[in-house]
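Enquirer: This is the structure, below, for whatever I ask next.
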Amino acid sequence: MTDAEEIRSLTRQLLADNPPATTDRTDFLKARFDAGLAWVHYPVGLGGLAAPRALQAVVDTELAAAGAPDNDPRRIGIGLGMAAPTLLAYGSEEVKRRFLRPLWVGEEVWCQLFSEPGAGSDLAALGTRAVRDGGGTSRSSEAESGGDWVVDGQKVWTSSAHVARWAILIARTDPDVPKHRGITYFVCDMTDPGVEVRPLRQITGEAEFNEVFLSGVRIPDAHRLGEIGDGWRVAQTTLMNERVSIGGARIPREGGMIGKAATTWRERPELRAHDLHRRLLDLWVDAEVARLTGERLRQQLVAGQPGPEGSAMKLGFARLNQAISGLEVELLGEEGLLYGEWEMRRPDLVDFTGRDAGYRYLRSKGNSIEGGTTEVLLNIVAERVLGLPSEPRNDKDVAWKDLAR
């Protein structure tokens, strides 16, 4: 089994062969992936060394000290935190080798085609249809003689769809069984005919989100992840990883939103108010507890299969962000009510810390919805972490086609 010293030696060899000061960023990231130092816990040849996950910290520490470039989770977070673990768990060898390297390097951006206008919190009620067609006319070079799936429907709240090349998609393939059992999981090419992306302008003024219309989109069966009709189980891998990636993101001490509020307090003494000081201290402690808990959670994860504890982390992340951004606006007083710009833009990434307090306050409202609504996550924590009784359900054994919509 690879140990810390071996990992450290491999990382230093990577730096010696690819000096950060003179190596193109993309070339360095490709070399890092090929050396197995992207995700050390992934299999050999897929960006990893089949090593314990905790040893990733050895790589990260060495590379940070050398000033080596890294990928940007703000831009490719959906690929890194959601698509990659699902591809690893359910993709064929061909699929994993095709997608994981450009995903990690950042050459291909991913988005998530899950939520629909009539299936948000109740995601399993989704109505986008995928029908098998034996013609096999997909453009994809990975298409097999087994034919294609033809997809029709609408998705909504799709972050980064306007810049994404690939999407993880769930669609209904059997309407005659209960809603959780008739879903299949696919990889969708966002450049294929029939994919239309429209912006959704949000309270910040920009269109970070989108709605996506799928009209006769052909997906090769080779791009199906998991068994036909078993997409809900596959989607749980995605959703659990999403919540960990949102709520348990690796940040430095006093990083993220609390860092902005603390810096304002230190550098603007004229804004200080006694009643806000205690609240800032409380939130600083909460942020540090959340950071350390996130680190502990990441160390406990089995690759690609996090547990329901990630839902609690994501729940705490949303509440903490909203409390900190609200305090920051109060601290700034009238200045906190100013908003730098409200022009319609379609950003490539989400940047909380590089914007003004008004943006952070408005954008943090979305934290209660993305990655699972607060209400859904409370149910998950109650039932799967605390062991409380499940809420009554009258649709458990009803075919999807017979549900009231």
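Residues are named by chain letter and number: chains run A, B, ... in the order of the structure tokens, numbers start at 1 in each chain, and ligands are numbered from 1 in the order shown.
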Which residues are close to A:Thr158, i.e. within 9 Å by only C-alpha atoms, leaving aside same-chain residues fewer than 6 positions away? Reply as JSON, numbers by chain.
Expert: {"A": [111, 112, 113, 114, 115, 208, 209, 210, 211, 212]}
Enquirer: Take the residues that were just selected and, keeping N, CA and C atoms, output them as a compact mmCIF listing (two decimals), in the first residue's frame.
Expert:
```
# COMPACT_ATOMS: atom_id res chain seq x y z
N CYS A 111 -22.47 19.99 -16.23
CA CYS A 111 -23.62 20.52 -15.53
C CYS A 111 -24.53 19.35 -15.13
N GLN A 112 -25.60 19.66 -14.41
CA GLN A 112 -26.47 18.63 -13.83
C GLN A 112 -27.90 18.83 -14.29
N LEU A 113 -28.42 17.89 -15.07
CA LEU A 113 -29.80 17.96 -15.56
C LEU A 113 -30.67 17.05 -14.70
N PHE A 114 -31.04 17.55 -13.52
CA PHE A 114 -31.87 16.79 -12.58
C PHE A 114 -33.23 17.47 -12.40
N SER A 115 -33.25 18.66 -11.75
CA SER A 115 -34.49 19.31 -11.37
C SER A 115 -35.34 19.68 -12.59
N GLU A 208 -26.70 32.91 -13.68
CA GLU A 208 -25.80 31.80 -13.36
C GLU A 208 -26.51 30.47 -13.64
N PHE A 209 -27.86 30.49 -13.47
CA PHE A 209 -28.68 29.31 -13.71
C PHE A 209 -29.31 29.36 -15.10
N ASN A 210 -29.85 28.22 -15.50
CA ASN A 210 -30.47 28.11 -16.81
C ASN A 210 -31.63 27.13 -16.75
N GLU A 211 -32.49 27.20 -17.77
CA GLU A 211 -33.43 26.12 -18.03
C GLU A 211 -32.99 25.46 -19.33
N VAL A 212 -33.16 24.16 -19.40
CA VAL A 212 -32.67 23.40 -20.55
C VAL A 212 -33.82 22.60 -21.13
```
Enquirer: Set the distance at 10 Å and use only C-alpha atoms: which residues neighbour stretch 86-99 of chain A once local chain neighbours fewer than 2 positions away are removed? I'd like the list as an mmCIF file with C-alpha atoms, in the first residue's frame.
Expert:
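Heads up, here's the output in out_1.cif:
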```cif
data_model
loop_
_atom_site.group_PDB
_atom_site.id
_atom_site.type_symbol
_atom_site.label_atom_id
_atom_site.label_comp_id
_atom_site.auth_asym_id
_atom_site.auth_seq_id
_atom_site.Cartn_x
_atom_site.Cartn_y
_atom_site.Cartn_z
ATOM 1 C CA TYR A 42 -8.945 6.718 -7.369
ATOM 2 C CA PRO A 43 -7.667 3.666 -9.309
ATOM 3 C CA GLY A 45 -4.684 5.097 -14.559
ATOM 4 C CA LEU A 46 -7.726 7.161 -13.599
ATOM 5 C CA GLY A 47 -5.963 9.971 -11.769
ATOM 6 C CA GLY A 79 -17.663 17.831 -12.574
ATOM 7 C CA GLY A 81 -17.774 16.930 -6.846
ATOM 8 C CA MET A 82 -20.705 15.232 -8.561
ATOM 9 C CA ALA A 83 -19.979 13.773 -11.991
ATOM 10 C CA ALA A 84 -16.577 12.238 -11.232
ATOM 11 C CA ARG A 101 -9.028 13.260 -17.268
ATOM 12 C CA PRO A 102 -10.516 16.237 -19.202
ATOM 13 C CA LEU A 103 -13.011 16.689 -16.363
ATOM 14 C CA TRP A 104 -10.310 16.999 -13.708
ATOM 15 C CA GLU A 108 -14.593 20.000 -20.227
ATOM 16 C CA GLU A 142 -18.899 6.054 -28.309
ATOM 17 C CA TRP A 166 -21.368 17.415 -20.779
ATOM 18 C CA ILE A 168 -25.326 14.190 -15.940
ATOM 19 C CA TYR A 185 -29.120 7.823 -15.527
ATOM 20 C CA PHE A 186 -27.226 9.124 -18.582
ATOM 21 C CA VAL A 187 -24.343 11.294 -19.727
ATOM 22 C CA ALA A 222 -22.872 3.443 -23.949
ATOM 23 C CA HIS A 223 -23.481 6.710 -22.061
ATOM 24 C CA ARG A 224 -25.900 5.095 -19.627
ATOM 25 C CA LEU A 225 -24.608 4.822 -16.056
ATOM 26 C CA GLY A 226 -25.986 1.911 -14.075
ATOM 27 C CA GLU A 227 -28.805 -0.423 -14.995
ATOM 28 C CA VAL A 234 -27.145 6.074 -9.139
ATOM 29 C CA ALA A 235 -28.467 9.602 -8.540
ATOM 30 C CA GLN A 236 -28.068 9.125 -4.781
ATOM 31 C CA THR A 237 -24.323 8.808 -5.311
ATOM 32 C CA THR A 238 -24.393 12.132 -7.157
ATOM 33 C CA LEU A 239 -26.585 13.896 -4.595
ATOM 34 C CA ASN A 241 -21.386 13.782 -3.142
ATOM 35 C CA ALA A 303 -14.458 6.997 -2.461
ATOM 36 C CA GLY A 304 -17.677 7.853 -4.222
ATOM 37 C CA GLN A 305 -20.013 6.669 -1.459
#
```
Enquirer: Write out as a count of residues only all residues of stretch 95-261 of chain A that DSSP puts in helix (DSSP H, G or I) for this structure's backbone.
Expert: 40
Enquirer: Using only C-alpha atoms, which residues sit within 8 Å of A:Gly336 once same-chain residues fewer than 6 positions away are excluded, as a short mmCIF file (atom, residue, chain, number, x, y, z; two decimals) with N, CA and C atoms, in the first residue's frame?
Expert:
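What follows is the written file selection31.cif:
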```
data_model
loop_
_atom_site.label_atom_id
_atom_site.label_comp_id
_atom_site.auth_asym_id
_atom_site.auth_seq_id
_atom_site.Cartn_x
_atom_site.Cartn_y
_atom_site.Cartn_z
N GLU A 328 -22.75 40.89 7.80
CA GLU A 328 -21.86 41.77 7.05
C GLU A 328 -22.61 42.99 6.53
N VAL A 329 -23.83 42.79 6.03
CA VAL A 329 -24.63 43.92 5.56
C VAL A 329 -24.97 44.86 6.71
N GLU A 330 -25.31 44.30 7.86
CA GLU A 330 -25.60 45.13 9.03
C GLU A 330 -24.36 45.91 9.46
N ALA A 357 -20.54 42.95 -0.58
CA ALA A 357 -21.38 42.36 0.45
C ALA A 357 -22.82 42.17 -0.03
N GLY A 358 -23.31 43.10 -0.84
CA GLY A 358 -24.66 42.99 -1.35
C GLY A 358 -24.85 41.75 -2.19
#
```
Enquirer: Step one, run DSSP on the backbone; step two, keep only residues of stretch 35-259 of chain A assigned to strand (DSSP E or B); then write them as an mmCIF file with C-alpha atoms, in the first residue's frame.
Expert:
```cif
data_model
loop_
_atom_site.group_PDB
_atom_site.id
_atom_site.type_symbol
_atom_site.label_atom_id
_atom_site.label_comp_id
_atom_site.auth_asym_id
_atom_site.auth_seq_id
_atom_site.Cartn_x
_atom_site.Cartn_y
_atom_site.Cartn_z
ATOM 1 C CA VAL A 44 -4.315 3.666 -11.053
ATOM 2 C CA GLY A 48 -5.147 7.998 -8.658
ATOM 3 C CA TRP A 110 -20.105 19.621 -16.619
ATOM 4 C CA CYS A 111 -23.624 20.518 -15.531
ATOM 5 C CA GLN A 112 -26.466 18.627 -13.827
ATOM 6 C CA LEU A 113 -29.796 17.964 -15.557
ATOM 7 C CA GLU A 116 -37.601 20.047 -13.422
ATOM 8 C CA ALA A 119 -39.985 17.964 -9.821
ATOM 9 C CA ARG A 129 -38.728 10.812 -20.923
ATOM 10 C CA ALA A 130 -36.051 8.619 -22.457
ATOM 11 C CA VAL A 131 -37.263 6.036 -24.988
ATOM 12 C CA ARG A 132 -35.057 3.321 -26.464
ATOM 13 C CA ASP A 133 -34.529 3.468 -30.218
ATOM 14 C CA ASP A 148 -29.732 5.173 -28.742
ATOM 15 C CA TRP A 149 -32.095 6.673 -26.212
ATOM 16 C CA VAL A 150 -34.257 9.569 -27.399
ATOM 17 C CA VAL A 151 -34.846 12.144 -24.668
ATOM 18 C CA ASP A 152 -37.597 14.774 -24.465
ATOM 19 C CA GLY A 153 -38.320 17.086 -21.553
ATOM 20 C CA GLN A 154 -37.323 20.181 -19.620
ATOM 21 C CA LYS A 155 -34.812 20.756 -16.823
ATOM 22 C CA TRP A 166 -21.368 17.415 -20.779
ATOM 23 C CA ALA A 167 -24.259 16.851 -18.390
ATOM 24 C CA ILE A 168 -25.326 14.190 -15.940
ATOM 25 C CA LEU A 169 -28.989 13.501 -16.695
ATOM 26 C CA ILE A 170 -31.772 11.452 -15.157
ATOM 27 C CA ALA A 171 -34.878 10.638 -17.178
ATOM 28 C CA ARG A 172 -37.935 8.419 -16.878
ATOM 29 C CA PRO A 178 -43.500 3.688 -8.932
ATOM 30 C CA ILE A 183 -35.573 6.307 -13.783
ATOM 31 C CA THR A 184 -32.342 5.814 -15.734
ATOM 32 C CA TYR A 185 -29.120 7.823 -15.527
ATOM 33 C CA PHE A 186 -27.226 9.124 -18.582
ATOM 34 C CA VAL A 187 -24.343 11.294 -19.727
ATOM 35 C CA CYS A 188 -25.657 13.888 -22.190
ATOM 36 C CA ASP A 189 -23.634 15.834 -24.751
ATOM 37 C CA VAL A 195 -30.398 20.706 -26.539
ATOM 38 C CA GLU A 196 -31.497 24.311 -25.963
ATOM 39 C CA VAL A 197 -30.199 26.380 -23.043
ATOM 40 C CA ARG A 198 -32.043 29.506 -21.901
ATOM 41 C CA PRO A 199 -30.854 31.870 -19.144
ATOM 42 C CA LEU A 200 -32.721 32.324 -15.857
ATOM 43 C CA PHE A 209 -28.681 29.309 -13.708
ATOM 44 C CA ASN A 210 -30.475 28.109 -16.813
ATOM 45 C CA GLU A 211 -33.432 26.121 -18.033
ATOM 46 C CA VAL A 212 -32.668 23.396 -20.553
ATOM 47 C CA PHE A 213 -35.082 22.027 -23.151
ATOM 48 C CA LEU A 214 -34.434 18.569 -24.592
ATOM 49 C CA SER A 215 -36.178 17.802 -27.884
ATOM 50 C CA GLY A 216 -35.418 14.459 -29.491
ATOM 51 C CA VAL A 217 -31.895 14.376 -28.045
ATOM 52 C CA ARG A 218 -30.165 11.108 -28.899
ATOM 53 C CA ILE A 219 -27.914 9.528 -26.273
ATOM 54 C CA PRO A 220 -25.975 6.313 -27.002
ATOM 55 C CA ARG A 224 -25.900 5.095 -19.627
ATOM 56 C CA LEU A 225 -24.608 4.822 -16.056
ATOM 57 C CA ASP A 230 -31.914 1.951 -11.469
#
```
Enquirer: Calculate how many Å separate atom CA of A:Val244 from atom CA of A:Leu378, rounding to one decimal.
Expert: 15.1 Å
Enquirer: In terms of the shortest atom-to-atom distance over only C-alpha atoms, which of A:Phe28, A:Gly340, A:Leu37, A:Arg296 is closest to A:Thr11?
Expert: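 Checking each of A:Phe28, A:Gly340, A:Leu37, A:Arg296 against A:Thr11, counting only C-alpha atoms, the winner is A:Leu37.
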Enquirer: For A:Val40, which residue out of A:Arg25, A:Arg53, A:Arg268, A:Arg8 is the nearest one, using only C-alpha atoms?
Expert: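 Checking each candidate against A:Val40, we get A:Arg53 as the closest.
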Enquirer: For each of A:Leu10, A:Ile324, A:Ala382, A:Ala318, take the minimum atom-to-atom distance to A:Ile246, counting only C-alpha atoms, then give the residue where this is smallest.
Expert: A:Ala318
Enquirer: May I ask which of the residues A:Lys179, A:Met344, A:Asp70, A:Pro117 is the closest one to A:Ala399, counting only C-alpha atoms?
Expert: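 For A:Ala399, the nearest of the given residues is A:Lys179.
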Enquirer: So which residues touch A:Glu309 within 8 Å, counting only C-alpha atoms, skipping near sequence neighbours fewer than 3 positions away, as a list of chain:residue names?
Expert: A:Leu297, A:Pro306, A:Ala312, A:Met313, A:Val381, A:Val385
Enquirer: Quick one: everything within 8 Å of A:Ala273, counting only C-alpha atoms, minus sequence neighbours fewer than 3 positions away in the same chain. Send it as a list of chain:residue names.
Expert: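 With the cut-off at 8 Å, the set is A:Leu276, A:His277, A:Leu331.
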